[in-house]
Every structure is written in C-alpha cells, then in structure tokens.
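Undergrad: What follows is work.cif, made up of mmCIF, C-alpha atoms:
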```cif
data_structure
loop_
_atom_site.group_PDB
_atom_site.id
_atom_site.type_symbol
_atom_site.label_atom_id
_atom_site.label_comp_id
_atom_site.auth_asym_id
_atom_site.auth_seq_id
_atom_site.Cartn_x
_atom_site.Cartn_y
_atom_site.Cartn_z
ATOM 1 C CA MET A 1 -5.452 -45.535 51.848
ATOM 2 C CA SER A 2 -8.864 -46.726 50.765
ATOM 3 C CA GLU A 3 -9.738 -47.821 47.281
ATOM 4 C CA GLU A 4 -12.092 -44.866 46.989
ATOM 5 C CA ASN A 5 -9.234 -42.390 47.769
ATOM 6 C CA ILE A 6 -7.001 -44.113 45.197
ATOM 7 C CA ILE A 7 -9.707 -43.670 42.534
ATOM 8 C CA ILE A 8 -10.157 -40.001 43.496
ATOM 9 C CA ASP A 9 -6.363 -39.379 43.384
ATOM 10 C CA LYS A 10 -6.174 -41.133 40.020
ATOM 11 C CA SER A 11 -9.085 -39.025 38.717
ATOM 12 C CA LYS A 12 -7.398 -35.825 39.965
ATOM 13 C CA ASN A 13 -4.137 -36.785 38.259
ATOM 14 C CA ASN A 14 -5.979 -37.579 35.028
ATOM 15 C CA ALA A 15 -7.846 -34.251 35.202
ATOM 16 C CA LEU A 16 -4.606 -32.346 35.873
ATOM 17 C CA ALA A 17 -2.902 -34.140 32.986
ATOM 18 C CA LEU A 18 -5.847 -33.294 30.722
ATOM 19 C CA PHE A 19 -5.680 -29.592 31.700
ATOM 20 C CA GLU A 20 -1.905 -29.529 31.162
ATOM 21 C CA TYR A 21 -2.421 -31.078 27.729
ATOM 22 C CA LEU A 22 -5.124 -28.505 26.843
ATOM 23 C CA LYS A 23 -2.879 -25.677 28.070
ATOM 24 C CA ASP A 24 0.020 -26.903 25.924
ATOM 25 C CA LEU A 25 -2.327 -27.361 22.960
ATOM 26 C CA SER A 26 -3.630 -23.792 23.269
ATOM 27 C CA LEU A 27 -0.048 -22.485 23.275
ATOM 28 C CA LEU A 28 0.371 -23.998 19.820
ATOM 29 C CA TRP A 29 -2.509 -21.828 18.540
ATOM 30 C CA VAL A 30 -1.514 -18.579 20.210
ATOM 31 C CA LYS A 31 1.704 -16.944 19.124
ATOM 32 C CA ASN A 32 3.188 -14.423 21.523
ATOM 33 C CA ILE A 33 4.842 -12.011 19.151
ATOM 34 C CA THR A 34 7.088 -9.374 20.670
ATOM 35 C CA ASN A 35 8.672 -8.041 17.457
ATOM 36 C CA ILE A 36 6.604 -6.368 14.741
ATOM 37 C CA GLU A 37 8.806 -7.923 12.064
ATOM 38 C CA ASN A 38 7.436 -11.378 13.011
ATOM 39 C CA TYR A 39 3.858 -10.533 11.990
ATOM 40 C CA ASP A 40 2.560 -11.671 8.613
ATOM 41 C CA TRP A 41 1.845 -8.045 7.693
ATOM 42 C CA SER A 42 2.660 -4.632 9.094
ATOM 43 C CA TYR A 43 2.619 -1.124 7.690
ATOM 44 C CA TYR A 44 3.915 2.118 9.150
ATOM 45 C CA PHE A 45 1.885 5.331 8.915
ATOM 46 C CA LYS A 46 4.971 7.130 7.636
ATOM 47 C CA ASN A 47 4.942 4.860 4.538
ATOM 48 C CA ILE A 48 1.367 5.691 3.546
ATOM 49 C CA PRO A 49 1.406 7.684 0.287
ATOM 50 C CA ASP A 50 0.813 11.416 0.709
ATOM 51 C CA ASP A 51 -2.457 12.029 -1.145
ATOM 52 C CA SER A 52 -5.111 13.926 0.795
ATOM 53 C CA GLU A 53 -7.514 13.649 -2.127
ATOM 54 C CA ASN A 54 -7.671 9.841 -1.909
ATOM 55 C CA ILE A 55 -6.374 8.957 1.561
ATOM 56 C CA PHE A 56 -7.878 10.100 4.836
ATOM 57 C CA ILE A 57 -6.126 9.371 8.131
ATOM 58 C CA SER A 58 -7.762 10.208 11.440
ATOM 59 C CA TYR A 59 -5.161 10.252 14.145
ATOM 60 C CA ARG A 60 -7.893 10.892 16.754
ATOM 61 C CA ASP A 61 -5.636 13.425 18.433
ATOM 62 C CA ARG A 62 -7.103 16.723 17.271
ATOM 63 C CA VAL A 63 -10.254 18.808 17.417
ATOM 64 C CA LYS A 64 -12.623 18.131 14.545
ATOM 65 C CA THR A 65 -11.475 20.450 11.793
ATOM 66 C CA ASP A 66 -12.434 19.053 8.473
ATOM 67 C CA GLU A 67 -15.749 18.267 6.873
ATOM 68 C CA TYR A 68 -15.235 14.491 6.945
ATOM 69 C CA GLU A 69 -14.733 14.431 10.697
ATOM 70 C CA GLU A 70 -17.584 16.854 11.425
ATOM 71 C CA ASN A 71 -20.120 14.901 9.381
ATOM 72 C CA SER A 72 -19.058 11.457 10.476
ATOM 73 C CA ASN A 73 -19.735 9.525 13.637
ATOM 74 C CA SER A 74 -17.651 6.738 12.162
ATOM 75 C CA LYS A 75 -14.732 5.142 13.909
ATOM 76 C CA VAL A 76 -12.794 5.076 10.660
ATOM 77 C CA ILE A 77 -9.077 5.593 11.160
ATOM 78 C CA LEU A 78 -7.984 5.111 7.561
ATOM 79 C CA SER A 79 -9.977 5.551 4.372
ATOM 80 C CA VAL A 80 -8.463 4.993 0.919
ATOM 81 C CA LYS A 81 -10.079 5.598 -2.467
ATOM 82 C CA LYS A 82 -8.609 3.894 -5.516
ATOM 83 C CA PRO A 83 -7.826 6.676 -7.998
ATOM 84 C CA GLU A 84 -8.033 6.219 -11.748
ATOM 85 C CA PHE A 85 -5.099 6.916 -14.009
ATOM 86 C CA GLU A 86 -5.385 10.014 -16.170
ATOM 87 C CA LYS A 87 -4.909 10.060 -19.915
ATOM 88 C CA CYS A 88 -1.605 11.386 -21.193
ATOM 89 C CA PRO A 89 -1.745 14.898 -22.710
ATOM 90 C CA GLU A 90 -2.068 14.587 -26.452
ATOM 91 C CA PRO A 91 1.089 15.682 -28.305
ATOM 92 C CA PRO A 92 0.813 18.376 -30.980
ATOM 93 C CA LYS A 93 0.418 17.127 -34.547
ATOM 94 C CA SER A 94 3.795 18.615 -35.410
ATOM 95 C CA ILE A 95 5.605 16.061 -33.220
ATOM 96 C CA LYS A 96 3.258 13.064 -33.019
ATOM 97 C CA LYS A 97 4.843 11.127 -35.898
ATOM 98 C CA TRP A 98 8.285 11.826 -34.418
ATOM 99 C CA LEU A 99 7.525 10.136 -31.104
ATOM 100 C CA ASN A 100 8.561 6.550 -30.546
ATOM 101 C CA VAL A 101 5.943 4.026 -29.440
ATOM 102 C CA GLY A 102 4.867 4.084 -25.793
ATOM 103 C CA TRP A 103 4.769 7.841 -25.133
ATOM 104 C CA GLU A 104 1.260 7.515 -23.618
ATOM 105 C CA ILE A 105 2.418 5.062 -20.897
ATOM 106 C CA TYR A 106 3.457 6.945 -17.764
ATOM 107 C CA SER A 107 6.182 4.490 -16.788
ATOM 108 C CA ASN A 108 7.968 4.959 -20.129
ATOM 109 C CA GLN A 109 10.427 7.706 -20.879
ATOM 110 C CA ILE A 110 9.624 9.531 -24.086
ATOM 111 C CA SER A 111 11.978 9.401 -27.007
ATOM 112 C CA ILE A 112 11.884 10.787 -30.507
ATOM 113 C CA LYS A 113 13.134 9.712 -33.875
ATOM 114 C CA ASN A 114 16.073 11.882 -34.874
ATOM 115 C CA PHE A 115 15.317 11.419 -38.563
ATOM 116 C CA ILE A 116 12.372 10.325 -40.653
ATOM 117 C CA THR A 117 12.284 9.690 -44.361
ATOM 118 C CA GLU A 118 9.649 11.326 -46.554
ATOM 119 C CA ASN A 119 9.749 11.047 -50.345
ATOM 120 C CA ASN A 120 13.224 9.518 -50.136
ATOM 121 C CA VAL A 121 14.510 12.534 -48.185
ATOM 122 C CA ASN A 122 15.870 12.279 -44.628
ATOM 123 C CA ILE A 123 14.416 14.982 -42.440
ATOM 124 C CA SER A 124 16.024 15.885 -39.132
ATOM 125 C CA PHE A 125 13.810 16.538 -36.117
ATOM 126 C CA THR A 126 15.804 19.654 -35.218
ATOM 127 C CA ASN A 127 15.367 21.244 -38.673
ATOM 128 C CA ASP A 128 12.066 22.821 -37.600
ATOM 129 C CA LYS A 129 12.319 25.226 -34.659
ATOM 130 C CA ILE A 130 8.528 25.210 -34.140
ATOM 131 C CA ARG A 131 8.603 21.394 -33.882
ATOM 132 C CA VAL A 132 11.445 21.566 -31.340
ATOM 133 C CA SER A 133 9.524 24.213 -29.341
ATOM 134 C CA ASP A 134 6.287 22.169 -29.480
ATOM 135 C CA TYR A 135 8.196 19.139 -28.230
ATOM 136 C CA ALA A 136 9.723 21.069 -25.320
ATOM 137 C CA LYS A 137 6.302 22.405 -24.225
ATOM 138 C CA TRP A 138 4.564 19.038 -24.558
ATOM 139 C CA SER A 139 7.456 17.225 -22.878
ATOM 140 C CA HIS A 140 7.062 19.531 -19.856
ATOM 141 C CA GLN A 141 3.290 18.885 -19.721
ATOM 142 C CA ARG A 142 3.883 15.153 -20.006
ATOM 143 C CA SER A 143 6.513 15.250 -17.261
ATOM 144 C CA GLU A 144 4.003 16.864 -14.864
ATOM 145 C CA TRP A 145 1.396 14.275 -15.900
ATOM 146 C CA GLN A 146 3.923 11.475 -15.400
ATOM 147 C CA SER A 147 4.752 12.649 -11.858
ATOM 148 C CA LYS A 148 1.059 12.657 -10.992
ATOM 149 C CA GLN A 149 0.571 9.155 -12.432
ATOM 150 C CA ILE A 150 3.457 7.831 -10.327
ATOM 151 C CA LYS A 151 1.702 9.159 -7.208
ATOM 152 C CA ILE A 152 -1.587 7.657 -8.380
ATOM 153 C CA ASN A 153 0.170 4.320 -8.900
ATOM 154 C CA ASP A 154 1.558 4.446 -5.342
ATOM 155 C CA VAL A 155 -1.952 5.034 -3.961
ATOM 156 C CA ARG A 156 -3.378 2.257 -6.141
ATOM 157 C CA ASP A 157 -0.674 -0.148 -4.913
ATOM 158 C CA PHE A 158 -1.483 0.803 -1.307
ATOM 159 C CA PHE A 159 -5.219 0.355 -1.952
ATOM 160 C CA ASN A 160 -4.620 -3.071 -3.548
ATOM 161 C CA GLU A 161 -2.446 -4.155 -0.622
ATOM 162 C CA LEU A 162 -5.165 -3.121 1.847
ATOM 163 C CA PHE A 163 -7.816 -4.866 -0.229
ATOM 164 C CA ARG A 164 -5.800 -8.119 -0.245
ATOM 165 C CA LEU A 165 -5.442 -7.770 3.526
ATOM 166 C CA HIS A 166 -9.209 -7.187 3.820
ATOM 167 C CA VAL A 167 -9.917 -10.378 1.860
ATOM 168 C CA ASP A 168 -7.432 -12.356 3.982
ATOM 169 C CA LEU A 169 -8.943 -11.032 7.214
ATOM 170 C CA ASN A 170 -12.453 -11.952 6.066
ATOM 171 C CA ARG A 171 -11.282 -15.438 5.158
ATOM 172 C CA GLU A 172 -9.431 -15.930 8.450
ATOM 173 C CA SER A 173 -11.642 -13.845 10.728
ATOM 174 C CA GLU A 174 -11.570 -16.459 13.481
ATOM 175 C CA VAL A 175 -7.785 -16.380 13.865
ATOM 176 C CA SER A 176 -6.655 -12.978 12.531
ATOM 177 C CA GLU A 177 -7.257 -9.367 13.424
ATOM 178 C CA LEU A 178 -6.029 -5.950 12.385
ATOM 179 C CA ILE A 179 -4.622 -3.771 15.133
ATOM 180 C CA VAL A 180 -3.503 -0.154 14.922
ATOM 181 C CA GLY A 181 -0.679 0.897 17.216
ATOM 182 C CA ASN A 182 0.166 4.361 18.452
ATOM 183 C CA GLY A 183 3.771 4.094 19.544
ATOM 184 C CA PHE A 184 6.414 1.440 20.154
ATOM 185 C CA ILE A 185 7.863 -0.374 23.063
ATOM 186 C CA ASN A 186 11.397 -1.613 22.656
ATOM 187 C CA ILE A 187 14.274 -2.430 24.903
ATOM 188 C CA ASN A 188 17.838 -1.442 24.080
ATOM 189 C CA ASN A 189 20.070 -4.392 23.249
ATOM 190 C CA ASN A 190 17.059 -6.718 22.956
ATOM 191 C CA GLU A 191 15.880 -7.119 19.369
ATOM 192 C CA LYS A 192 13.206 -9.587 20.503
ATOM 193 C CA ILE A 193 11.110 -6.748 21.928
ATOM 194 C CA ASN A 194 10.020 -4.200 19.313
ATOM 195 C CA HIS A 195 6.249 -4.004 19.390
ATOM 196 C CA PRO A 196 3.538 -1.411 18.783
ATOM 197 C CA ILE A 197 1.379 -0.280 21.683
#
```
Give the structure from the file, written as structure tokens.
TA:
Amino acid sequence: MSEENIIIDKSKNNALALFEYLKDLSLLWVKNITNIENYDWSYYFKNIPDDSENIFISYRDRVKTDEYEENSNSKVILSVKKPEFEKCPEPPKSIKKWLNVGWEIYSNQISIKNFITENNVNISFTNDKIRVSDYAKWSHQRSEWQSKQIKINDVRDFFNELFRLHVDLNRESEVSELIVGNGFININNNEKINHPI
C-alpha cells in the first residue's frame, strides 16, 4: 500500500469519526419524546374552560358558521381574551353593618354577625324579618355573582398560563415550538408510547 493510500485511508477514517461525533452531538440536542407526559408543557382541549364569550376554539372540522370564522382569514386555532372581574353586588343598607369583613371578595364565603350592640343593647340579626329577607335575596345574588367570578378566574388562569408559554416560546424560539395535536397514538401495554398526532 502506498503512502498516498495510507494518507487517504487515514483522512477517510478521520472524516468518518468526525461525522459520527457530530451525529452523536446532535442526538444530545434533539429529544425523541414518545410520551406527552415528558414534554415541558401540555394541555388538553377538554381542560380548556368553557367560556364562549372569552375563548374561541376553531377545530377546523366544520363549515364556517359563526361571524368570527366568516370574517377571518386567520389561521387562529385558539383565541383567549382575559376577562375582568366584576364588582360584587352591593348589599342592602339593612344588612351591610351585619356582614363580616371580606363579603366583596368572591373567594370568601359570606358570614354575618349574629348580634351587634347598639346603645348597650344586644340586637339579634334574626329579630328583623325584613333584614333576614334582604339577606336571603342579596345572598342569592351574591352566590350567582360568585359562580361567575370563579369561571372568570379559571379563564384568567388559563390566559396567564398561555401568556407565560408565549413568553417562554419567544425567548427560546430557536429550540422550542408549540404543536397542536388532533388525536393520540398509543400502544397497549407500552406506556412509553402515548403521543399526539
């Protein structure tokens, strides 16, 4: 074998070793994920809060039926508006001084003082039937308001989670992407394969 052939063989071996090294190095950067639970973030459509006023989902599987789809050439699949909390209904004057602190915060349960003292006389809340009736009516209104605020909070939490994801994706746009799946592939008795398609 000539010296020239030895140099060529050595160069080929060095080139092959370099390509093997680069291949192994690239495998460190690329993660082959076959189970959705191994992603940094995932969210199922079924867990999106039900609020058609603030959340629009286009499944892209129907004829255009609503105004948003008809007037939009957008490829938007999900649109979320961050709703504002509403102010608690004001209690009637007859019960306001009987309410314990925090009645205007939706996450609090309302409670009343059973007795108050005026002019050194203990007065019971239930002594006045109009006051008890006013409380029952207002309590019902507040309960409806509270239910709505809980839904608003769920949408706000979802919006905030998406916004954090948006910021992360912008920061790591070279290495991260958001993908929407429309179904799952999984194999019975193999937990390693559970991936959206």
Undergrad: Ranking A:Tyr43, A:Pro91, A:Arg156, A:Gly102 by minimum distance to Ile55 in chain A and counting only C-alpha atoms, which one comes first?
TA: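 Closest to Ile55 in chain A of all the choices is A:Arg156.
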Undergrad: The PyMOL selection byres ((chain A and resi 134-144) around 12) on the file shown: which residues, as a ChimeraX atom specification?
TA: /A:86-99,103-112,125-126,128-133,145-151
Undergrad: Between A:Asp9, A:Glu191, A:Ser176, A:Leu162, which has the minimum distance to Tyr39 in chain A (counting all atoms listed in the file)?
TA: A:Ser176
Undergrad: Could you write out as a list of chain:residue names the residues that the PyMOL selection byres ((chain A and resi 165-175) around 12) matches in the shown file?
TA: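 That expression, the PyMOL selection byres ((chain A and resi 165-175) around 12), corresponds here to A:Trp29, A:Val30, A:Lys31, A:Asp40, A:Trp41, A:Ser42, A:Tyr43, A:Phe158, A:Phe159, A:Asn160, A:Glu161, A:Leu162, A:Phe163, A:Arg164, A:Ser176, A:Glu177, A:Leu178, A:Ile179.
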Undergrad: Quote the spacing between CA of Ile187 in chain A and CA of Ile36 in chain A in Å to one decimal place.
TA: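 Rounded to one decimal, the two atoms are 13.3 Å apart.
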Undergrad: Please report, as lines of an AutoDock Vina configuration file, the centre and edge lengths in Å to one decimal of an axis-aligned box covering all listed atoms of range 42-53 of chain A with 4 Å per side.
TA:
```
center_x = -1.3
center_y = 4.6
center_z = 3.5
size_x = 20.5
size_y = 26.6
size_z = 19.3
```
Undergrad: CA of Val180 in chain A and CA of Ile197 in chain A are how many Å apart?
TA: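 Between these atoms lies a distance of 8.3 Å.
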Undergrad: Can you work out which one of A:Ser26, A:Asn114, A:Asn32, A:Ser11 has the shortest atom-to-atom distance to Ile193 in chain A, counting all atoms listed in the file?
TA: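 Result for the nearest residue to Ile193 in chain A: A:Asn32.
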